[in-house]
>>> print(open('structure.csv').read())   # CSV, C-alpha atoms and all ligand atoms
chain,number,residue,atom,x,y,z
A,238,MET,CA,-23.7,-143.1,93.9
A,239,SER,CA,-23.2,-145.7,96.7
A,240,GLU,CA,-26.0,-148.1,97.7
A,241,GLY,CA,-26.1,-146.4,101.1
A,242,GLU,CA,-27.0,-143.1,99.5
A,243,GLU,CA,-29.7,-144.8,97.4
A,244,ALA,CA,-31.2,-146.5,100.4
A,245,GLY,CA,-30.8,-143.4,102.7
A,246,GLY,CA,-33.7,-141.5,104.1
A,247,THR,CA,-37.3,-142.5,104.1
A,248,GLY,CA,-38.5,-141.1,100.9
A,249,ALA,CA,-36.5,-142.4,98.0
A,250,GLU,CA,-39.3,-140.7,95.9
A,251,GLN,CA,-38.2,-137.3,97.1
A,252,ARG,CA,-34.7,-137.8,95.7
A,253,PRO,CA,-34.0,-137.6,92.0
A,254,ARG,CA,-33.8,-141.2,90.8
A,255,LEU,CA,-30.2,-141.7,89.8
A,256,PRO,CA,-28.9,-144.3,87.4
A,257,PRO,CA,-26.2,-146.6,88.8
A,258,GLY,CA,-22.7,-145.0,89.3
A,259,GLN,CA,-24.0,-141.4,89.0
A,260,ALA,CA,-23.8,-138.6,91.6
A,261,VAL,CA,-25.9,-135.4,91.6
A,262,ARG,CA,-24.2,-132.2,90.4
A,263,HIS,CA,-26.3,-129.1,90.5
A,264,GLU,CA,-23.8,-126.8,88.7
A,265,HIS,CA,-24.0,-127.5,85.0
A,266,ARG,CA,-20.4,-127.0,83.9
A,267,PRO,CA,-20.0,-127.3,80.1
A,268,LEU,CA,-18.1,-130.2,78.7
A,269,TYR,CA,-17.0,-130.5,75.1
A,270,TYR,CA,-14.2,-131.5,72.8
A,271,GLY,CA,-12.6,-128.8,70.7
A,272,ARG,CA,-13.7,-125.2,70.7
A,273,VAL,CA,-17.0,-123.3,70.7
A,274,PRO,CA,-18.0,-122.5,67.1
A,275,THR,CA,-18.8,-118.9,66.1
A,276,PHE,CA,-22.5,-118.5,65.2
A,277,ARG,CA,-23.0,-116.7,61.9
A,278,PRO,CA,-26.8,-116.4,61.4
A,279,GLU,CA,-26.6,-115.6,57.7
A,280,ARG,CA,-24.5,-118.7,57.0
A,281,TRP,CA,-26.2,-121.1,59.5
A,282,ASP,CA,-28.7,-123.6,58.3
A,283,PHE,CA,-30.3,-126.8,59.6
A,284,ARG,CA,-30.7,-129.8,57.4
A,285,VAL,CA,-32.3,-133.2,57.4
A,286,PHE,CA,-30.8,-135.5,54.8
A,287,GLY,CA,-30.3,-139.2,53.9
A,288,ALA,CA,-33.3,-141.6,53.6
A,289,THR,CA,-36.2,-139.1,53.7
A,290,GLU,CA,-39.5,-140.3,52.4
A,291,SER,CA,-39.4,-137.7,49.6
A,292,LEU,CA,-35.7,-138.5,48.8
A,293,GLY,CA,-35.1,-134.8,49.1
A,294,THR,CA,-33.1,-132.8,51.7
A,295,TYR,CA,-34.9,-130.4,54.0
A,296,ARG,CA,-33.3,-127.1,54.9
A,297,TRP,CA,-34.2,-124.3,57.3
A,298,THR,CA,-32.4,-120.9,57.6
A,299,TRP,CA,-32.0,-119.5,61.1
A,300,GLN,CA,-35.0,-117.4,60.7
A,301,GLU,CA,-37.2,-120.3,59.5
A,302,PHE,CA,-35.9,-122.5,62.3
A,303,GLY,CA,-37.0,-119.9,64.8
A,304,GLY,CA,-40.6,-120.2,63.5
A,305,LEU,CA,-40.9,-123.9,64.2
A,306,PRO,CA,-43.0,-125.1,67.2
A,307,ARG,CA,-41.3,-124.9,70.6
A,308,THR,CA,-42.0,-127.2,73.5
A,309,ASP,CA,-40.6,-127.2,77.0
A,310,VAL,CA,-39.3,-130.3,78.8
A,311,VAL,CA,-37.6,-130.8,82.1
A,312,ARG,CA,-35.3,-133.8,82.4
A,313,ASP,CA,-32.3,-135.0,84.3
A,314,PHE,CA,-29.0,-134.9,82.4
A,315,HIS,CA,-26.6,-137.9,82.8
A,316,CYS,CA,-23.0,-137.6,81.8
A,317,VAL,CA,-20.8,-140.6,81.4
A,318,MET,CA,-18.3,-138.8,83.7
A,319,ARG,CA,-20.6,-140.0,86.5
A,320,PHE,CA,-22.5,-136.9,87.3
A,321,THR,CA,-26.2,-136.2,86.8
A,322,VAL,CA,-27.7,-132.7,86.6
A,323,PRO,CA,-31.2,-133.0,87.9
A,324,GLY,CA,-34.2,-131.3,86.4
A,325,VAL,CA,-32.8,-129.3,83.5
A,326,PRO,CA,-35.5,-127.1,81.8
A,327,TRP,CA,-35.0,-127.2,78.1
A,328,GLY,CA,-37.1,-125.6,75.3
A,329,GLY,CA,-37.0,-126.4,71.6
A,330,LEU,CA,-38.3,-128.4,68.7
A,331,LEU,CA,-39.4,-132.0,69.6
A,332,ALA,CA,-37.7,-134.6,67.5
A,333,THR,CA,-41.2,-136.0,66.9
A,334,ASP,CA,-42.2,-132.6,65.4
A,335,LEU,CA,-39.1,-132.6,63.2
A,336,VAL,CA,-39.9,-136.0,61.7
A,337,ARG,CA,-43.5,-134.7,60.9
A,338,LEU,CA,-41.9,-131.8,59.0
A,339,ALA,CA,-39.3,-134.0,57.4
A,340,PRO,CA,-40.7,-137.6,57.2
A,341,PRO,CA,-38.2,-140.4,57.0
A,342,SER,CA,-38.6,-143.3,54.6
A,343,PRO,CA,-40.1,-146.4,56.4
A,344,GLU,CA,-36.8,-148.2,56.1
A,345,VAL,CA,-35.0,-145.8,58.4
A,346,THR,CA,-33.6,-147.6,61.5
A,347,HIS,CA,-31.1,-145.0,62.9
A,348,VAL,CA,-30.2,-141.4,62.7
A,349,MET,CA,-26.9,-139.6,62.9
A,350,ALA,CA,-26.9,-136.2,64.7
A,351,TRP,CA,-24.2,-134.0,63.2
A,352,GLY,CA,-22.7,-131.0,65.1
A,353,GLU,CA,-20.2,-128.4,63.9
A,354,TYR,CA,-16.7,-129.7,63.0
A,355,GLY,CA,-18.0,-133.2,62.3
A,356,TYR,CA,-18.9,-134.2,65.9
A,357,SER,CA,-21.6,-136.8,65.6
A,358,ALA,CA,-23.7,-139.3,67.6
A,359,ASN,CA,-25.8,-142.2,66.3
A,360,LEU,CA,-29.1,-143.1,67.7
A,361,ARG,CA,-31.7,-145.8,67.1
A,362,VAL,CA,-34.8,-144.2,65.5
A,363,ASP,CA,-36.8,-145.3,68.6
A,364,ASP,CA,-34.4,-143.4,70.8
A,365,PHE,CA,-34.5,-140.3,68.6
A,366,LEU,CA,-38.3,-140.3,68.8
A,367,ASP,CA,-38.4,-141.0,72.6
A,368,ASP,CA,-40.4,-138.8,74.8
A,369,GLY,CA,-38.4,-135.6,75.7
A,370,VAL,CA,-35.9,-135.7,72.8
A,371,LEU,CA,-35.5,-132.1,71.8
A,372,LEU,CA,-33.6,-129.9,69.3
A,373,ALA,CA,-33.1,-127.4,72.1
A,374,THR,CA,-32.7,-123.7,71.6
A,375,HIS,CA,-33.5,-122.7,75.2
A,376,ARG,CA,-32.5,-123.6,78.7
A,377,ASP,CA,-34.1,-122.0,81.8
A,378,GLY,CA,-36.3,-120.0,79.4
A,379,VAL,CA,-33.4,-118.2,77.7
A,380,ALA,CA,-31.3,-118.9,74.6
A,381,LEU,CA,-28.6,-121.5,75.2
A,382,ALA,CA,-25.2,-120.3,76.3
A,383,PRO,CA,-22.6,-120.7,73.5
A,384,GLU,CA,-20.7,-123.4,75.5
A,385,HIS,CA,-23.9,-125.4,76.0
A,386,GLY,CA,-24.6,-125.5,72.3
A,387,PHE,CA,-26.0,-122.2,71.0
A,388,PRO,CA,-27.9,-121.9,68.7
A,389,VAL,CA,-29.3,-125.5,68.7
A,390,ARG,CA,-28.3,-128.6,70.5
A,391,LEU,CA,-29.8,-132.1,70.6
A,392,VAL,CA,-31.0,-133.3,74.0
A,393,VAL,CA,-31.5,-137.0,74.4
A,394,PRO,CA,-32.2,-137.1,78.1
A,395,HIS,CA,-32.6,-140.9,78.5
A,396,LEU,CA,-29.1,-141.6,77.1
A,397,TYR,CA,-25.6,-140.5,78.3
A,398,GLY,CA,-24.8,-136.9,77.5
A,399,TRP,CA,-22.4,-137.5,74.6
A,400,LYS,CA,-25.4,-138.4,72.5
A,401,SER,CA,-26.8,-134.8,73.1
A,402,VAL,CA,-24.9,-133.2,70.3
A,403,LYS,CA,-24.2,-129.5,70.8
A,404,TRP,CA,-24.0,-127.0,67.9
A,405,LEU,CA,-26.3,-129.3,65.9
A,406,ARG,CA,-26.4,-128.6,62.2
A,407,SER,CA,-28.1,-131.7,60.6
A,408,VAL,CA,-29.8,-135.0,61.1
A,409,GLU,CA,-29.1,-137.8,58.8
A,410,TYR,CA,-31.7,-140.6,58.3
A,411,MET,CA,-30.0,-144.0,57.9
A,412,VAL,CA,-31.1,-147.4,56.8
A,413,GLY,CA,-28.5,-149.1,59.0
A,414,ASP,CA,-26.3,-148.3,62.0
A,415,ARG,CA,-23.1,-146.4,61.8
A,416,ARG,CA,-21.0,-145.3,64.8
A,417,GLY,CA,-20.7,-141.6,65.7
A,418,PHE,CA,-17.7,-139.7,67.1
A,419,TRP,CA,-17.4,-141.3,70.6
A,420,GLU,CA,-19.0,-144.6,69.6
A,421,GLU,CA,-16.0,-145.1,67.3
A,422,ARG,CA,-13.6,-144.2,70.2
A,423,GLY,CA,-14.5,-146.7,72.9
A,424,TYR,CA,-17.9,-145.5,74.1
A,425,HIS,CA,-21.0,-147.7,74.0
A,426,ASN,CA,-23.1,-147.6,70.9
A,427,ARG,CA,-26.4,-147.3,72.7
A,428,ALA,CA,-25.4,-145.5,76.0
A,429,ASP,CA,-28.4,-146.3,78.3
A,430,PRO,CA,-27.4,-145.0,81.7
A,431,TRP,CA,-29.9,-147.2,83.5
A,432,ASN,CA,-27.9,-150.2,82.1
A,433,GLU,CA,-24.6,-148.4,82.6
A,434,GLU,CA,-23.8,-148.8,78.9
A,435,ARG,CA,-20.6,-146.7,79.2
A,436,PHE,CA,-18.0,-148.4,77.0
A,437,SER,CA,-17.9,-150.3,73.8
A,438,HIS,CA,-16.3,-153.4,75.4
A,439,GLN,CA,-19.6,-153.9,77.3
A,440,GLU,CA,-21.5,-154.2,74.1
A,441,GLU,CA,-23.4,-157.4,73.4
A,442,PRO,CA,-23.5,-158.8,69.8
A,443,GLY,CA,-26.2,-156.7,68.0
A,444,ASP,CA,-25.7,-153.6,70.2
A,445,GLY,CA,-23.7,-151.9,67.4
A,446,PRO,CA,-21.8,-152.3,64.2
A,447,PRO,CA,-18.4,-154.0,64.4
A,448,LEU,CA,-15.6,-151.7,65.6
A,449,ARG,CA,-12.9,-151.1,63.1
B,501,LIG,N1,-20.6,-130.9,69.5
B,501,LIG,C1,-20.4,-131.5,70.7
B,501,LIG,N2,-21.4,-131.9,71.4
B,501,LIG,C2,-21.3,-132.4,72.6
B,501,LIG,C3,-20.0,-132.7,73.1
B,501,LIG,C4,-18.9,-132.2,72.3
B,501,LIG,O1,-17.7,-132.4,72.7
B,501,LIG,N3,-19.1,-131.6,71.1
B,501,LIG,N4,-19.8,-133.3,74.3
B,501,LIG,C5,-20.9,-134.1,74.8
B,501,LIG,C6,-20.8,-134.6,76.2
B,501,LIG,S1,-19.7,-135.7,76.5
B,501,LIG,C7,-21.7,-134.1,77.1
B,501,LIG,S2,-21.7,-134.8,78.7
B,501,LIG,C8,-22.6,-133.0,76.9
B,501,LIG,C9,-22.4,-131.9,77.9
B,501,LIG,O2,-23.3,-130.9,77.7
B,501,LIG,P1,-23.2,-129.6,78.6
B,501,LIG,O3,-21.8,-129.1,78.4
B,501,LIG,O4,-24.2,-128.7,78.1
B,501,LIG,O5,-23.4,-130.1,80.0
B,501,LIG,O6,-22.5,-132.5,75.6
B,501,LIG,C10,-22.3,-133.5,74.6
B,501,LIG,N5,-22.3,-132.8,73.3
B,502,MO,MO,-20.1,-136.4,78.7
>>> encode(input="structure.csv", output="structure tokens", more="lines below")
Ligand SMILES: Nc1nc2c(c(=O)[nH]1)N[C@H]1C(S)=C(S)[C@@H](COP(=O)(O)O)O[C@H]1N2
Ligand SMILES: [Mo]
Amino acid sequence: MSEGEEAGGTGAEQRPRLPPGQAVRHEHRPLYYGRVPTFRPERWDFRVFGATESLGTYRWTWQEFGGLPRTDVVRDFHCVMRFTVPGVPWGGLLATDLVRLAPPSPEVTHVMAWGEYGYSANLRVDDFLDDGVLLATHRDGVALAPEHGFPVRLVVPHLYGWKSVKWLRSVEYMVGDRRGFWEERGYHNRADPWNEERFSHQEEPGDGPPLR
């Protein structure tokens, strides 16, 4: 978005607040790497593993997962490809509710969100537990479309979209940081759109583990 657009009009408060370099796109065209996985409810499960407080792994079948508490949130969605979809209504399990069901060990600093086919994204635990982070099953009040991540996707609305892992299958609790799929391939380890943290070459020391 240009500065002119930001300054335009009288009521900046009436416009969606846009992070730098983003433009509004109302149509939410799906974006992903690879192909849409086939959902097989009898084989599907959701797991929390790694540094749990109990040292055990948590597992829910599709039926059990459907019985977990559901919360609705509305958030703008920022893709690193420079578009922002304003006000997306999601529904699902809050990350803060997940960690109450599957408590992490106190040493946990980061989580890895794992999708089908090994797609992954790493997050600081504070980012994972931020307000509005959701394991979404619904969008606009109906089940997610397959290409948007059915049956479950992560939504991390305050970070660039690649952190919002579609076809989410597990969350790994980690006692240190490790890069996910795009974070290993040139994208920023943290991905805060308000700081335009797009690429790994912008990282400051301490923003992420060394690149191999
Ligand atoms: N499993 C998986 N999740 C993914 C991706 C992907 O390629 N695979 N793409 C990411 C990127 S780059 C973006 S911008 C969002 C796009 O979500 P949408 O298609 O619902 O808009 O999904 C993210 N989640
Ligand atoms: Mo993206």
>>> closest_residue(input="structure.csv", among="A:Pro447, A:Gly293, A:Pro257, A:Gly398", to="ligand MO 502 (chain B)", atoms="only C-alpha atoms and all ligand atoms")
A:Gly398
>>> residues_near_ligand(input="structure.csv", ligand="ligand MO 502 (chain B)", cutoff="10 Å", atoms="all atoms listed in the file", output="PyMOL selection string")
chain A and resi 267-270+314-320+397-401+419
>>> closest_atom_pairs(input="structure.csv", of="stretch 313-394 of chain A", to="stretch 412-418 of chain A", cutoff="9 Å", atoms="all atoms listed in the file", output="CSV")
residue,atom,partner,partner_atom,distance
A:Ser342,CA,A:Val412,CA,8.8
A:Glu344,CA,A:Val412,CA,5.8
A:Val345,CA,A:Val412,CA,4.5
A:Thr346,CA,A:Val412,CA,5.3
A:His347,CA,A:Asp414,CA,5.9
A:Val348,CA,A:Asp414,CA,8.0
A:Met349,CA,A:Gly417,CA,7.1
A:Ala350,CA,A:Gly417,CA,8.3
A:Trp351,CA,A:Gly417,CA,8.7
A:Gly355,CA,A:Phe418,CA,8.1
A:Tyr356,CA,A:Phe418,CA,5.8
A:Ser357,CA,A:Gly417,CA,4.9
A:Ala358,CA,A:Gly417,CA,4.2
A:Asn359,CA,A:Gly417,CA,5.2
A:Leu360,CA,A:Asp414,CA,8.2
A:Arg361,CA,A:Asp414,CA,7.8
>>> atom_distance(input="structure.csv", atom1="atom CA of A:Asp367", atom2="atom CA of A:Arg427")
13.6 Å
>>> residues_around(input="structure.csv", residues="A:Leu338", least_positions_apart="6", cutoff="12 Å", atoms="all atoms listed in the file", output="MDAnalysis selection string")
chainID A and resid 284:285 289:291 294:297 302 305:306 330:332
>>> atom_distance(input="structure.csv", atom1="atom CA of A:Gly328", atom2="atom CA of A:Arg390")
10.5 Å
>>> atom_distance(input="structure.csv", atom1="atom CA of A:Ala428", atom2="atom CA of A:Val370")
14.7 Å
>>> residues_around(input="structure.csv", residues="stretch 307-309 of chain A", least_positions_apart="3", cutoff="10 Å", atoms="only C-alpha atoms", output="ChimeraX atom specification")
/A:303-304,326-331,334,369,371-378
>>> build_atoms(input="structure.csv", residues="stretch 346-361 of chain A", atoms="N, CA and C atoms", output="PDB file, in the frame of the given file")
ATOM      1  N   THR A 346     -33.770-146.892  60.205  1.00  0.00           N
ATOM      2  CA  THR A 346     -33.600-147.600  61.500  1.00  0.00           C
ATOM      3  C   THR A 346     -32.821-146.743  62.497  1.00  0.00           C
ATOM      4  N   HIS A 347     -31.973-145.836  62.012  1.00  0.00           N
ATOM      5  CA  HIS A 347     -31.100-145.000  62.900  1.00  0.00           C
ATOM      6  C   HIS A 347     -30.981-143.632  62.334  1.00  0.00           C
ATOM      7  N   VAL A 348     -30.544-142.729  63.189  1.00  0.00           N
ATOM      8  CA  VAL A 348     -30.200-141.400  62.700  1.00  0.00           C
ATOM      9  C   VAL A 348     -28.809-141.043  63.195  1.00  0.00           C
ATOM     10  N   MET A 349     -28.154-140.171  62.446  1.00  0.00           N
ATOM     11  CA  MET A 349     -26.900-139.600  62.900  1.00  0.00           C
ATOM     12  C   MET A 349     -27.169-138.112  63.148  1.00  0.00           C
ATOM     13  N   ALA A 350     -26.827-137.652  64.341  1.00  0.00           N
ATOM     14  CA  ALA A 350     -26.900-136.200  64.700  1.00  0.00           C
ATOM     15  C   ALA A 350     -25.546-135.628  64.426  1.00  0.00           C
ATOM     16  N   TRP A 351     -25.490-134.595  63.612  1.00  0.00           N
ATOM     17  CA  TRP A 351     -24.200-134.000  63.200  1.00  0.00           C
ATOM     18  C   TRP A 351     -24.089-132.582  63.853  1.00  0.00           C
ATOM     19  N   GLY A 352     -22.981-132.356  64.530  1.00  0.00           N
ATOM     20  CA  GLY A 352     -22.700-131.000  65.100  1.00  0.00           C
ATOM     21  C   GLY A 352     -21.664-130.318  64.181  1.00  0.00           C
ATOM     22  N   GLU A 353     -21.313-129.115  64.556  1.00  0.00           N
ATOM     23  CA  GLU A 353     -20.200-128.400  63.900  1.00  0.00           C
ATOM     24  C   GLU A 353     -18.938-129.209  63.981  1.00  0.00           C
ATOM     25  N   TYR A 354     -18.060-129.019  63.050  1.00  0.00           N
ATOM     26  CA  TYR A 354     -16.700-129.700  63.000  1.00  0.00           C
ATOM     27  C   TYR A 354     -16.792-131.171  62.933  1.00  0.00           C
ATOM     28  N   GLY A 355     -17.939-131.733  62.515  1.00  0.00           N
ATOM     29  CA  GLY A 355     -18.000-133.200  62.300  1.00  0.00           C
ATOM     30  C   GLY A 355     -18.230-134.010  63.573  1.00  0.00           C
ATOM     31  N   TYR A 356     -18.470-133.377  64.732  1.00  0.00           N
ATOM     32  CA  TYR A 356     -18.900-134.200  65.900  1.00  0.00           C
ATOM     33  C   TYR A 356     -20.205-134.844  65.546  1.00  0.00           C
ATOM     34  N   SER A 357     -20.372-136.086  65.961  1.00  0.00           N
ATOM     35  CA  SER A 357     -21.600-136.800  65.600  1.00  0.00           C
ATOM     36  C   SER A 357     -21.947-137.812  66.657  1.00  0.00           C
ATOM     37  N   ALA A 358     -23.202-138.221  66.668  1.00  0.00           N
ATOM     38  CA  ALA A 358     -23.700-139.300  67.600  1.00  0.00           C
ATOM     39  C   ALA A 358     -24.779-140.034  66.850  1.00  0.00           C
ATOM     40  N   ASN A 359     -24.712-141.369  66.905  1.00  0.00           N
ATOM     41  CA  ASN A 359     -25.800-142.200  66.300  1.00  0.00           C
ATOM     42  C   ASN A 359     -26.809-142.582  67.301  1.00  0.00           C
ATOM     43  N   LEU A 360     -28.019-142.738  66.821  1.00  0.00           N
ATOM     44  CA  LEU A 360     -29.100-143.100  67.700  1.00  0.00           C
ATOM     45  C   LEU A 360     -30.052-144.058  66.914  1.00  0.00           C
ATOM     46  N   ARG A 361     -30.638-144.987  67.648  1.00  0.00           N
ATOM     47  CA  ARG A 361     -31.700-145.800  67.100  1.00  0.00           C
ATOM     48  C   ARG A 361     -32.890-144.814  66.828  1.00  0.00           C
TER      49      ARG A 361
END
